[in-house]
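Asker: mmCIF, C-alpha atoms, saved as protein_39.cif, coming up:
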```
data_upload
#
loop_
_atom_site.label_atom_id
_atom_site.label_comp_id
_atom_site.auth_asym_id
_atom_site.auth_seq_id
_atom_site.Cartn_x
_atom_site.Cartn_y
_atom_site.Cartn_z
CA MET A 1 197.51 167.00 101.74
CA ARG A 2 199.87 165.35 104.19
CA VAL A 3 199.67 161.61 103.65
CA GLY A 4 200.87 159.15 106.26
CA LEU A 5 202.05 156.01 104.51
CA ILE A 6 202.34 152.75 106.43
CA ARG A 7 204.87 150.31 105.00
CA VAL A 8 203.91 146.78 105.99
CA MET A 9 207.47 145.54 105.64
CA THR A 10 210.28 146.27 108.05
CA THR A 11 213.33 147.97 106.62
CA SER A 12 216.09 150.26 107.79
CA ASP A 13 216.94 151.21 104.18
CA ARG A 14 215.67 154.76 103.80
CA ARG A 15 215.39 154.59 100.03
CA LEU A 16 213.29 151.43 100.20
CA LEU A 17 211.21 152.84 103.05
CA HIS A 18 210.33 155.93 101.00
CA ALA A 19 209.92 154.23 97.61
CA HIS A 20 206.11 154.30 97.77
CA GLY A 21 206.00 157.79 99.17
CA LYS A 22 208.24 159.02 96.37
CA LEU A 23 205.86 157.51 93.82
CA LEU A 24 202.94 159.41 95.35
CA GLN A 25 204.87 162.65 95.70
CA GLU A 26 205.83 162.55 92.03
CA ALA A 27 202.42 161.54 90.72
CA PHE A 28 200.19 163.71 92.89
CA GLY A 29 202.30 166.24 94.76
CA PHE A 30 201.40 164.82 98.17
CA THR A 31 203.66 165.40 101.13
CA VAL A 32 204.25 161.84 102.32
CA THR A 33 205.63 160.60 105.62
CA SER A 34 206.49 156.89 105.56
CA ARG A 35 206.93 154.59 108.52
CA CYS A 36 207.17 150.81 108.68
CA ILE A 37 205.84 148.24 111.11
CA PRO A 38 208.41 146.39 113.24
CA ASP A 39 209.76 142.85 112.97
CA GLN A 40 208.41 141.81 109.56
CA PRO A 41 211.37 142.07 107.15
CA SER A 42 209.54 139.94 104.56
CA GLY A 43 206.27 141.85 104.85
CA VAL A 44 202.94 140.04 104.37
CA TYR A 45 202.89 136.84 102.31
CA ASP A 46 200.52 134.42 104.05
CA GLN A 47 197.76 134.29 106.66
CA ALA A 48 200.11 134.23 109.65
CA SER A 49 202.14 137.23 108.51
CA LEU A 50 198.85 139.08 107.75
CA GLU A 51 197.50 138.44 111.23
CA SER A 52 200.78 139.46 112.77
CA ALA A 53 200.84 142.72 110.79
CA ALA A 54 197.29 143.93 111.47
CA PRO A 55 197.66 145.13 115.09
CA LYS A 56 201.02 146.71 114.26
CA VAL A 57 199.36 148.71 111.49
CA VAL A 58 196.65 149.95 113.86
CA GLN A 59 199.26 150.97 116.42
CA LEU A 60 201.35 152.84 113.85
CA ALA A 61 198.25 154.52 112.38
CA GLN A 62 197.33 155.90 115.78
CA GLU A 63 200.83 157.34 116.14
CA MET A 64 200.74 158.90 112.66
CA ALA A 65 197.16 160.18 112.46
CA GLY A 66 197.83 163.42 114.29
CA GLU A 67 200.30 164.58 111.65
CA ALA A 68 198.40 163.49 108.52
CA ASP A 69 195.26 164.37 106.56
CA ALA A 70 194.86 160.79 105.34
CA LEU A 71 196.56 157.42 105.75
CA ILE A 72 197.50 154.75 103.23
CA ILE A 73 198.13 151.16 104.28
CA SER A 74 200.62 150.37 101.55
CA CYS A 75 200.09 146.62 101.24
CA THR A 76 197.67 144.78 98.95
CA SER A 77 196.39 142.60 101.80
CA ASP A 78 195.10 145.71 103.60
CA PRO A 79 196.14 144.41 107.03
CA GLY A 80 194.18 146.02 109.85
CA LEU A 81 192.15 148.26 107.53
CA ALA A 82 188.80 148.04 109.33
CA ALA A 83 190.37 148.30 112.78
CA THR A 84 192.47 151.27 111.68
CA ARG A 85 189.39 153.08 110.40
CA ALA A 86 187.71 152.50 113.73
CA ALA A 87 190.77 153.85 115.55
CA VAL A 88 191.46 157.12 113.67
CA ALA A 89 189.32 160.04 112.48
CA ILE A 90 190.93 160.62 109.06
CA PRO A 91 190.36 158.74 105.79
CA VAL A 92 192.27 155.46 105.48
CA ILE A 93 192.87 153.76 102.13
CA GLY A 94 194.15 150.22 101.65
CA ALA A 95 196.28 149.60 98.58
CA GLY A 96 194.61 146.25 97.95
CA ALA A 97 191.02 147.49 97.84
CA ALA A 98 192.15 150.53 95.83
CA ALA A 99 193.97 148.42 93.26
CA ALA A 100 191.01 146.08 92.87
CA ALA A 101 188.59 148.99 92.51
CA ALA A 102 190.75 150.64 89.87
CA ALA A 103 191.07 147.37 87.96
CA LEU A 104 187.31 146.84 87.95
CA THR A 105 186.75 150.20 86.24
CA PHE A 106 188.49 148.83 83.14
CA GLY A 107 186.79 146.35 80.84
CA GLY A 108 187.54 142.69 80.30
CA ARG A 109 189.55 140.17 82.28
CA ILE A 110 191.92 141.23 85.03
CA GLY A 111 195.26 139.46 85.25
CA VAL A 112 196.60 139.27 88.80
CA LEU A 113 200.36 139.60 89.00
CA GLY A 114 201.95 138.91 92.35
CA LEU A 115 203.22 136.22 94.62
CA GLY A 116 202.20 132.89 93.17
CA ALA A 117 201.08 131.22 96.32
CA HIS A 118 198.99 134.04 97.77
CA VAL A 119 196.33 136.25 96.14
CA PRO A 120 195.62 139.05 98.62
CA GLY A 121 192.13 138.80 100.10
CA PRO A 122 190.85 142.24 99.05
CA ILE A 123 191.80 141.51 95.45
CA ALA A 124 190.38 137.99 95.29
CA GLU A 125 187.14 139.11 96.93
CA SER A 126 186.60 142.13 94.69
CA LEU A 127 187.50 140.72 91.31
CA GLY A 128 185.33 137.60 91.41
CA ASP A 129 185.05 135.85 88.06
CA ARG A 130 186.86 138.64 86.22
CA MET A 131 190.09 137.49 87.89
CA LEU A 132 192.67 135.66 85.79
CA LEU A 133 195.57 133.79 87.42
CA ILE A 134 198.48 131.88 85.96
CA ASP A 135 198.94 128.41 87.41
CA GLY A 136 202.62 128.10 86.64
CA GLU A 137 203.35 131.23 88.64
CA GLY A 138 204.40 130.60 92.18
CA ARG A 139 208.13 130.61 92.60
CA LEU A 140 208.18 133.92 94.43
CA GLU A 141 207.24 133.56 98.06
CA THR A 142 207.75 136.96 99.68
CA PRO A 143 207.50 140.55 98.35
CA ASP A 144 211.21 141.25 98.82
CA ALA A 145 211.84 138.78 95.97
CA PHE A 146 210.94 141.64 93.61
CA LEU A 147 214.05 143.47 94.75
CA MET A 148 216.26 140.86 93.04
CA PRO A 149 216.81 140.37 89.30
CA ALA A 150 215.36 136.85 89.33
CA GLY A 151 212.14 138.18 90.85
CA ILE A 152 211.89 140.93 88.24
CA PHE A 153 212.39 138.45 85.38
CA ASP A 154 209.81 136.13 86.92
CA ALA A 155 207.29 138.95 87.20
CA LEU A 156 207.85 140.03 83.62
CA ALA A 157 207.42 136.46 82.36
CA ALA A 158 204.26 136.03 84.42
CA ALA A 159 202.84 139.29 83.07
CA HIS A 160 203.42 138.13 79.51
CA MET A 161 201.69 134.85 80.33
CA LEU A 162 198.71 136.72 81.73
CA VAL A 163 198.33 138.80 78.57
CA ASP A 164 198.75 135.72 76.39
CA ALA A 165 196.02 134.04 78.45
CA GLY A 166 193.63 136.92 77.69
CA ALA A 167 194.16 139.54 80.39
CA ASP A 168 192.87 142.95 79.22
CA VAL A 169 194.33 144.71 82.24
CA ILE A 170 196.95 143.69 84.82
CA VAL A 171 196.74 144.45 88.51
CA GLN A 172 199.97 144.36 90.51
CA ALA A 173 198.91 142.39 93.56
CA SER A 174 202.06 143.13 95.52
CA THR A 175 203.37 146.54 96.47
CA GLY A 176 206.84 145.03 96.16
CA LEU A 177 206.26 145.72 92.45
CA SER A 178 205.52 149.37 93.27
CA SER A 179 208.85 149.68 95.09
CA ILE A 180 210.75 148.93 91.88
CA GLY A 181 208.55 150.95 89.48
CA MET A 182 207.49 147.82 87.61
CA ALA A 183 204.19 149.23 86.27
CA ASP A 184 205.95 151.55 83.83
CA VAL A 185 208.06 148.73 82.47
CA LEU A 186 205.05 146.48 82.02
CA ARG A 187 202.92 149.16 80.33
CA ARG A 188 205.61 149.79 77.76
CA ARG A 189 206.18 146.10 77.08
CA LEU A 190 202.63 144.77 77.25
CA GLY A 191 200.51 147.57 75.81
CA VAL A 192 197.68 147.03 78.31
CA PRO A 193 196.73 149.09 81.38
CA VAL A 194 198.71 148.03 84.46
CA ILE A 195 197.40 149.00 87.89
CA ASP A 196 200.03 150.03 90.40
CA ALA A 197 198.49 149.44 93.82
CA VAL A 198 200.20 152.34 95.59
CA THR A 199 199.27 154.78 92.83
CA ALA A 200 195.71 153.45 92.95
CA ALA A 201 195.56 154.26 96.67
CA GLY A 202 196.75 157.79 95.95
CA SER A 203 194.23 158.11 93.14
CA MET A 204 191.35 157.41 95.49
CA LEU A 205 192.48 160.24 97.73
CA VAL A 206 192.62 162.58 94.75
CA SER A 207 189.09 161.56 93.74
CA ALA A 208 187.63 162.32 97.12
CA VAL A 209 189.83 164.40 99.40
CA PHE A 210 192.57 166.38 97.70
CA ALA A 211 191.40 167.05 94.15
CA ARG A 212 191.72 170.81 94.00
CA GLU A 213 194.94 171.17 95.90
CA VAL A 214 196.94 169.10 93.46
CA GLN A 215 196.97 171.82 90.85
CA LYS A 216 198.74 174.23 93.21
CA VAL A 217 201.79 172.02 93.47
CA MET B 218 198.10 161.18 77.69
CA ARG B 219 195.55 162.52 75.29
CA VAL B 220 192.12 161.92 76.78
CA GLY B 221 188.96 162.03 74.69
CA LEU B 222 186.10 163.15 76.90
CA ILE B 223 182.52 162.44 75.84
CA ARG B 224 179.96 164.84 77.27
CA VAL B 225 176.58 163.16 77.45
CA MET B 226 174.74 166.47 77.33
CA THR B 227 174.35 168.63 74.25
CA THR B 228 175.67 172.16 74.53
CA SER B 229 177.06 174.84 72.23
CA ASP B 230 178.53 176.72 75.23
CA ARG B 231 182.26 176.13 74.96
CA ARG B 232 182.95 176.82 78.61
CA LEU B 233 180.33 174.30 79.71
CA LEU B 234 181.50 171.78 77.12
CA HIS B 235 185.06 171.95 78.46
CA ALA B 236 184.23 172.16 82.17
CA HIS B 237 185.05 168.50 82.82
CA GLY B 238 188.12 168.57 80.61
CA LYS B 239 189.41 171.60 82.47
CA LEU B 240 188.99 169.76 85.78
CA LEU B 241 191.10 166.86 84.47
CA GLN B 242 193.71 169.10 82.91
CA GLU B 243 194.18 170.93 86.19
CA ALA B 244 194.18 167.86 88.42
CA PHE B 245 196.29 165.52 86.29
CA GLY B 246 197.88 167.44 83.42
CA PHE B 247 195.99 165.46 80.77
CA THR B 248 195.45 166.96 77.34
CA VAL B 249 191.68 166.68 77.00
CA THR B 250 189.51 166.95 73.91
CA SER B 251 185.81 167.24 74.74
CA ARG B 252 182.90 166.55 72.43
CA CYS B 253 179.20 166.18 73.18
CA ILE B 254 176.50 163.88 71.84
CA PRO B 255 173.76 165.54 69.73
CA ASP B 256 170.16 166.35 70.60
CA GLN B 257 170.15 165.79 74.38
CA PRO B 258 170.29 169.26 75.95
CA SER B 259 169.19 167.87 79.33
CA GLY B 260 171.61 164.96 79.27
CA VAL B 261 170.67 161.65 80.89
CA TYR B 262 168.08 161.65 83.65
CA ASP B 263 165.87 158.57 83.14
CA GLN B 264 165.78 155.24 81.31
CA ALA B 265 164.60 156.70 77.99
CA SER B 266 167.30 159.39 77.88
CA LEU B 267 169.88 156.74 78.84
CA GLU B 268 168.83 154.45 76.01
CA SER B 269 168.81 157.35 73.58
CA ALA B 270 172.32 158.39 74.60
CA ALA B 271 174.05 155.01 74.42
CA PRO B 272 174.38 154.61 70.61
CA LYS B 273 175.37 158.27 70.27
CA VAL B 274 178.20 157.69 72.74
CA VAL B 275 179.45 154.68 70.76
CA GLN B 276 179.34 156.67 67.52
CA LEU B 277 181.24 159.60 69.03
CA ALA B 278 183.79 157.26 70.66
CA GLN B 279 184.59 155.73 67.30
CA GLU B 280 185.17 159.18 65.83
CA MET B 281 187.41 160.24 68.75
CA ALA B 282 189.41 157.05 69.37
CA GLY B 283 191.99 157.71 66.66
CA GLU B 284 193.15 160.91 68.35
CA ALA B 285 193.16 159.76 71.97
CA ASP B 286 195.05 157.38 74.28
CA ALA B 287 191.98 156.77 76.42
CA LEU B 288 188.31 157.79 76.52
CA ILE B 289 186.10 158.93 79.39
CA ILE B 290 182.31 158.73 79.18
CA SER B 291 181.63 161.70 81.43
CA CYS B 292 178.21 160.71 82.79
CA THR B 293 177.44 158.72 85.95
CA SER B 294 175.03 156.43 84.08
CA ASP B 295 177.89 155.19 81.86
CA PRO B 296 175.69 155.13 78.73
CA GLY B 297 177.04 152.77 76.08
CA LEU B 298 180.10 151.75 78.13
CA ALA B 299 180.18 148.06 77.20
CA ALA B 300 179.38 148.72 73.53
CA THR B 301 182.02 151.44 73.38
CA ARG B 302 184.66 149.10 74.78
CA ALA B 303 183.75 146.56 72.13
CA ALA B 304 184.03 149.24 69.43
CA VAL B 305 187.39 150.86 70.23
CA ALA B 306 190.87 149.53 71.06
CA ILE B 307 191.84 152.04 73.78
CA PRO B 308 190.84 152.06 77.48
CA VAL B 309 187.37 153.46 78.19
CA ILE B 310 186.33 154.65 81.66
CA GLY B 311 182.79 155.48 82.75
CA ALA B 312 182.41 158.20 85.35
CA GLY B 313 179.68 156.25 87.17
CA ALA B 314 181.63 153.05 87.71
CA ALA B 315 184.73 155.09 88.58
CA ALA B 316 182.89 157.18 91.17
CA ALA B 317 181.34 154.10 92.77
CA ALA B 318 184.71 152.33 92.88
CA ALA B 319 186.38 155.31 94.48
CA ALA B 320 183.60 155.61 97.05
CA LEU B 321 183.89 151.94 98.00
CA THR B 322 187.56 152.35 98.86
CA PHE B 323 186.56 154.57 101.77
CA GLY B 324 185.02 153.17 104.92
CA GLY B 325 181.47 153.47 106.22
CA ARG B 326 178.23 154.50 104.58
CA ILE B 327 178.18 156.24 101.21
CA GLY B 328 175.75 159.11 100.74
CA VAL B 329 174.54 159.46 97.14
CA LEU B 330 174.06 163.05 96.07
CA GLY B 331 172.35 163.60 92.74
CA LEU B 332 169.05 163.85 91.02
CA GLY B 333 166.37 162.74 93.45
CA ALA B 334 164.34 160.60 91.15
CA HIS B 335 167.17 158.68 89.51
CA VAL B 336 170.16 156.88 91.05
CA PRO B 337 172.47 155.99 88.15
CA GLY B 338 172.64 152.23 87.56
CA PRO B 339 176.42 151.77 87.94
CA ILE B 340 176.28 153.50 91.33
CA ALA B 341 173.24 151.67 92.68
CA GLU B 342 174.63 148.31 91.55
CA SER B 343 178.09 148.83 92.99
CA LEU B 344 177.29 150.36 96.35
CA GLY B 345 174.73 147.80 97.51
CA ASP B 346 173.82 148.11 101.17
CA ARG B 347 176.51 150.71 101.82
CA MET B 348 174.38 153.21 99.84
CA LEU B 349 172.56 155.93 101.74
CA LEU B 350 169.82 158.01 100.07
CA ILE B 351 167.70 160.89 101.30
CA ASP B 352 163.97 160.41 100.71
CA GLY B 353 163.07 164.07 100.73
CA GLU B 354 165.49 164.72 97.90
CA GLY B 355 163.89 164.76 94.49
CA ARG B 356 163.08 168.22 93.27
CA LEU B 357 165.87 168.27 90.72
CA GLU B 358 164.94 166.40 87.59
CA THR B 359 167.75 166.98 85.07
CA PRO B 360 171.49 167.62 85.47
CA ASP B 361 171.29 171.14 84.05
CA ALA B 362 169.42 172.12 87.23
CA PHE B 363 172.84 172.30 88.91
CA LEU B 364 173.70 175.27 86.70
CA MET B 365 171.12 177.40 88.51
CA PRO B 366 171.35 178.81 92.06
CA ALA B 367 168.26 176.90 93.25
CA GLY B 368 169.85 173.64 92.15
CA ILE B 369 173.09 174.44 93.96
CA PHE B 370 171.24 175.29 97.19
CA ASP B 371 169.21 172.10 96.89
CA ALA B 372 172.37 170.04 96.44
CA LEU B 373 174.04 171.64 99.43
CA ALA B 374 170.99 171.03 101.61
CA ALA B 375 170.80 167.41 100.46
CA ALA B 376 174.49 166.88 101.20
CA HIS B 377 174.01 168.17 104.75
CA MET B 378 171.05 165.81 105.18
CA LEU B 379 173.18 162.89 104.02
CA VAL B 380 175.91 163.66 106.55
CA ASP B 381 173.33 164.15 109.30
CA ALA B 382 171.86 160.76 108.37
CA GLY B 383 175.25 159.11 108.86
CA ALA B 384 177.08 159.32 105.55
CA ASP B 385 180.85 158.89 106.05
CA VAL B 386 181.60 159.77 102.44
CA ILE B 387 179.55 161.48 99.71
CA VAL B 388 179.53 160.45 96.07
CA GLN B 389 178.37 162.99 93.53
CA ALA B 390 176.05 160.91 91.36
CA SER B 391 175.68 163.54 88.65
CA THR B 392 178.47 165.05 86.60
CA GLY B 393 176.39 168.22 86.55
CA LEU B 394 177.96 168.73 89.99
CA SER B 395 181.42 168.35 88.45
CA SER B 396 180.66 171.11 85.95
CA ILE B 397 180.22 173.63 88.76
CA GLY B 398 183.11 172.45 90.96
CA MET B 399 180.74 171.44 93.76
CA ALA B 400 183.04 168.85 95.37
CA ASP B 401 185.40 171.51 96.69
CA VAL B 402 182.56 173.46 98.25
CA LEU B 403 181.14 170.35 99.89
CA ARG B 404 184.50 169.16 101.25
CA ARG B 405 185.09 172.49 102.94
CA ARG B 406 181.58 172.63 104.41
CA LEU B 407 181.00 169.00 105.35
CA GLY B 408 184.42 167.77 106.46
CA VAL B 409 183.97 164.34 104.84
CA PRO B 410 185.48 162.94 101.63
CA VAL B 411 183.41 163.91 98.57
CA ILE B 412 183.87 161.92 95.37
CA ASP B 413 183.79 163.94 92.16
CA ALA B 414 182.80 161.50 89.41
CA VAL B 415 184.85 163.13 86.63
CA THR B 416 187.96 163.30 88.82
CA ALA B 417 187.39 159.67 89.80
CA ALA B 418 187.40 158.70 86.13
CA GLY B 419 190.69 160.55 85.64
CA SER B 420 192.11 158.90 88.76
CA MET B 421 191.51 155.46 87.32
CA LEU B 422 193.53 156.38 84.25
CA VAL B 423 196.36 157.62 86.44
CA SER B 424 196.33 154.36 88.40
CA ALA B 425 196.65 152.21 85.33
CA VAL B 426 197.68 154.04 82.19
CA PHE B 427 199.39 157.37 82.67
CA ALA B 428 201.00 157.28 86.10
CA ARG B 429 204.53 158.19 85.23
CA GLU B 430 203.82 160.85 82.67
CA VAL B 431 201.94 163.08 85.08
CA GLN B 432 205.09 164.20 86.83
CA LYS B 433 206.53 165.64 83.62
CA VAL B 434 203.72 168.18 83.24
#
```
Could you render the structure as structure tokens?
Answerer:
Amino acid sequence: MRVGLIRVMTTSDRRLLHAHGKLLQEAFGFTVTSRCIPDQPSGVYDQASLESAAPKVVQLAQEMAGEADALIISCTSDPGLAATRAAVAIPVIGAGAAAAAAALTFGGRIGVLGLGAHVPGPIAESLGDRMLLIDGEGRLETPDAFLMPAGIFDALAAAHMLVDAGADVIVQASTGLSSIGMADVLRRRLGVPVIDAVTAAGSMLVSAVFAREVQKV
Amino acid sequence: MRVGLIRVMTTSDRRLLHAHGKLLQEAFGFTVTSRCIPDQPSGVYDQASLESAAPKVVQLAQEMAGEADALIISCTSDPGLAATRAAVAIPVIGAGAAAAAAALTFGGRIGVLGLGAHVPGPIAESLGDRMLLIDGEGRLETPDAFLMPAGIFDALAAAHMLVDAGADVIVQASTGLSSIGMADVLRRRLGVPVIDAVTAAGSMLVSAVFAREVQKV
């Protein structure tokens, strides 16, 4: 159960680089190796940054596949997911599709919490008319905004607005929220299920690939 | 993280009753209380048995909800899922929808392994044209068949046929296969991801409700 985790945001900060891997190690006992794509310090936040990231993800996946039993593309836009699957022989999970799938297994309306201007494609496509968005949201432009207090306060306010508007479950549509452990905070404050996209990706591996080994950890 | 698990098959055998709960306790550290619906010793295997089970599931869910943080309907047909959600205030996960969602997060074609004559509704509806079925399959009529050697051999043969026919991932479309721990056997023999429906249901709770508590177990 060696998981290769691809960060779709360039950083030289080791703690930030391993934030998602740490989440998965603690929740599931995976051994996680994290690497990030080059030259995208603000990650993926629009169509151009998505298109720029995709081939870098495929390249990195090919370098990592030999040392891993499965790969996670740790970004809710799932850049390069199909091409990566075609390029490597091990299972590949995208955090966006995983988060959407997990959200759909709960009842009711699904509030999408993320960057105001950009709902990741895999999430918008999967949720259909169960998706709930807040119009006022939209001040945050890139995922690294969640590393600053103002971004955290914005996300909390937006989550409250989503619940007030009728969301029965919240899906974190940016893995920037995973990096700061926001799901725990929101669950305690909101009292509804909150999907963490990175954890959702790990969960899919547990469902299908690693189930029995977890107990040995 | 107290999970109420509803077995949609009547049994007085305590080991069988708790087989799914044990799986979830070992994989995720949940505290699981299992109860079964009355008067359906063969579980759900066709439309009539599904319709008979649904109100019993709702009734049992109402009795269990006070002592649980979440409920799992541990049957891939998700009997009574919508009505149960309307009747209780805690999250409710159906093993069928959860298994289908987990399967869809993997790439390629999804082989459905279960009772030949009956593909559970939540699985057929979710998988669409990614679903792969074996025509020859169909000797097993009720989920308790998987408790007998002939049923286990049949399931193994069907799983091999699915992989030979091009399945990239297998979804176990009967929780009878969860009761005997079949997913582990299949993963070792087939070398493809195999979705256990009960584990998938637990995974969805970890993604959204219980993530941080698991590490304390």
Asker: Restrict the calculation to only C-alpha atoms, then for each residue of chain B with any atom at most 6 Å from an atom of chain A give the closest atom pair and their distance in Å to one decimal, rows by chain and rising residue number, as CSV.
Answerer:
```
residue,atom,partner,partner_atom,distance
B:Glu243,CA,A:Gln215,CA,5.5
B:Ala244,CA,A:Gln215,CA,5.4
B:Ala315,CA,A:Thr105,CA,5.8
B:Ala318,CA,A:Ala101,CA,5.1
B:Ala319,CA,A:Met204,CA,5.5
B:Thr322,CA,A:Ala98,CA,5.8
B:Pro410,CA,A:Ala208,CA,5.0
B:Val411,CA,A:Ala208,CA,4.7
B:Ile412,CA,A:Ala208,CA,4.2
B:Thr416,CA,A:Ser207,CA,5.3
B:Ala417,CA,A:Ser207,CA,4.7
B:Ser420,CA,A:Ser203,CA,4.9
B:Met421,CA,A:Ala102,CA,5.5
B:Ser424,CA,A:Ala200,CA,4.7
B:Ala425,CA,A:Ile195,CA,4.2
B:Val426,CA,A:Pro193,CA,5.1
B:Val431,CA,A:Ala27,CA,5.9
B:Gln432,CA,A:Ala27,CA,5.4
```
Asker: Selection in question (the file shown): the PyMOL selection byres ((chain B and resi 392) around 7). Which residues does it include, as a short mmCIF file (atom, residue, chain, number, x, y, z; two decimals) with C-alpha atoms, in the coordinates of the input?
Answerer:
```cif
data_model
loop_
_atom_site.label_atom_id
_atom_site.label_comp_id
_atom_site.auth_asym_id
_atom_site.auth_seq_id
_atom_site.Cartn_x
_atom_site.Cartn_y
_atom_site.Cartn_z
CA SER B 291 181.63 161.70 81.43
CA CYS B 292 178.21 160.71 82.79
CA THR B 293 177.44 158.72 85.95
CA ALA B 390 176.05 160.91 91.36
CA SER B 391 175.68 163.54 88.65
CA GLY B 393 176.39 168.22 86.55
CA LEU B 394 177.96 168.73 89.99
CA SER B 395 181.42 168.35 88.45
CA SER B 396 180.66 171.11 85.95
CA ALA B 414 182.80 161.50 89.41
CA VAL B 415 184.85 163.13 86.63
#
```
Asker: Extract, using only C-alpha atoms, all DNA, RNA and protein residues at most 7 Å from Ser294 in chain B, discarding same-chain residues fewer than 6 positions from it, and format them as number ranges by chain.
Answerer: B: 313, 337-339
Asker: Rounded to one decimal, what separation in Å do you get between CA of Leu234 in chain B and CA of Ala375 in chain B?
Answerer: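 Computing the Euclidean distance for CA of Leu234 in chain B and CA of Ala375 in chain B yields 26.0 Å.
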Asker: Can you tell me which residues surround Thr228 in chain B at a distance of at most 9 Å, considering all atoms listed in the file, apart from same-chain residues fewer than 4 positions away, and format the answer as a VMD selection string?
Answerer: chain B and resid 224 233 to 234 253 to 258
Asker: Take the PyMOL selection byres ((chain A and resi 128) around 12), run it mentally on this structure, and tell me the resulting residues as a ChimeraX atom specification.
Answerer: /A:100-101,103-104,109-112,121-127,129-133
Asker: Can you turn the PyMOL selection byres ((chain B and resi 283-287) around 7) into a concrete residue list for this file, as a list in words?
Answerer: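 That expression, the PyMOL selection byres ((chain B and resi 283-287) around 7), corresponds here to Met218, Arg219, Val220, Gly221, Met281, Ala282, Leu288, Ile289, Ile307, Pro308 and Val309 of chain B.
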Asker: Padding of 4 Å on every side, edges along x, y and z, all listed atoms of range 310-321 of chain B included: what centre and edge lengths in Å, to one decimal, does that box have, as JSON?
Answerer:
```
{"center_x": 183.0, "center_y": 155.1, "center_z": 89.8, "size_x": 14.7, "size_y": 14.3, "size_z": 24.3}
```
Asker: Would you save range 73-84 of chain A to a file, keeping N, CA, C and O atoms, as a CSV table (one decimal), in the first residue's frame?
Answerer:
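Generated output (selection_28.csv):
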```csv
chain,number,residue,atom,x,y,z
A,73,ILE,N,-4.0,11.7,-8.0
A,73,ILE,CA,-3.8,13.1,-8.5
A,73,ILE,C,-4.6,14.0,-7.5
A,73,ILE,O,-5.8,14.0,-7.5
A,74,SER,N,-3.8,14.7,-6.7
A,74,SER,CA,-4.4,15.4,-5.5
A,74,SER,C,-4.9,16.8,-5.8
A,74,SER,O,-4.5,17.7,-5.2
A,75,CYS,N,-5.8,16.9,-6.8
A,75,CYS,CA,-6.3,18.2,-7.3
A,75,CYS,C,-7.8,17.9,-7.7
A,75,CYS,O,-8.0,16.9,-8.4
A,76,THR,N,-8.7,18.7,-7.4
A,76,THR,CA,-10.1,18.4,-7.7
A,76,THR,C,-10.5,18.6,-9.1
A,76,THR,O,-11.6,18.3,-9.6
A,77,SER,N,-9.5,19.2,-9.9
A,77,SER,CA,-9.8,19.3,-11.4
A,77,SER,C,-9.3,18.0,-12.1
A,77,SER,O,-9.5,17.9,-13.3
A,78,ASP,N,-8.7,17.1,-11.4
A,78,ASP,CA,-8.2,15.9,-12.0
A,78,ASP,C,-7.4,16.1,-13.3
A,78,ASP,O,-7.6,15.4,-14.3
A,79,PRO,N,-6.4,17.0,-13.3
A,79,PRO,CA,-5.7,17.2,-14.5
A,79,PRO,C,-4.9,16.0,-15.0
A,79,PRO,O,-4.3,15.3,-14.2
A,80,GLY,N,-5.1,15.7,-16.3
A,80,GLY,CA,-4.4,14.6,-16.9
A,80,GLY,C,-4.8,13.2,-16.4
A,80,GLY,O,-4.1,12.2,-16.7
A,81,LEU,N,-6.0,13.1,-15.8
A,81,LEU,CA,-6.4,11.8,-15.3
A,81,LEU,C,-6.5,10.7,-16.4
A,81,LEU,O,-5.9,9.6,-16.2
A,82,ALA,N,-7.2,10.9,-17.4
A,82,ALA,CA,-7.4,9.9,-18.5
A,82,ALA,C,-6.0,9.5,-19.1
A,82,ALA,O,-5.7,8.4,-19.3
A,83,ALA,N,-5.2,10.6,-19.4
A,83,ALA,CA,-3.9,10.3,-20.0
A,83,ALA,C,-3.0,9.6,-19.1
A,83,ALA,O,-2.2,8.7,-19.5
A,84,THR,N,-3.1,9.9,-17.8
A,84,THR,CA,-2.2,9.2,-16.8
A,84,THR,C,-2.6,7.7,-16.7
A,84,THR,O,-1.8,6.8,-16.7
```
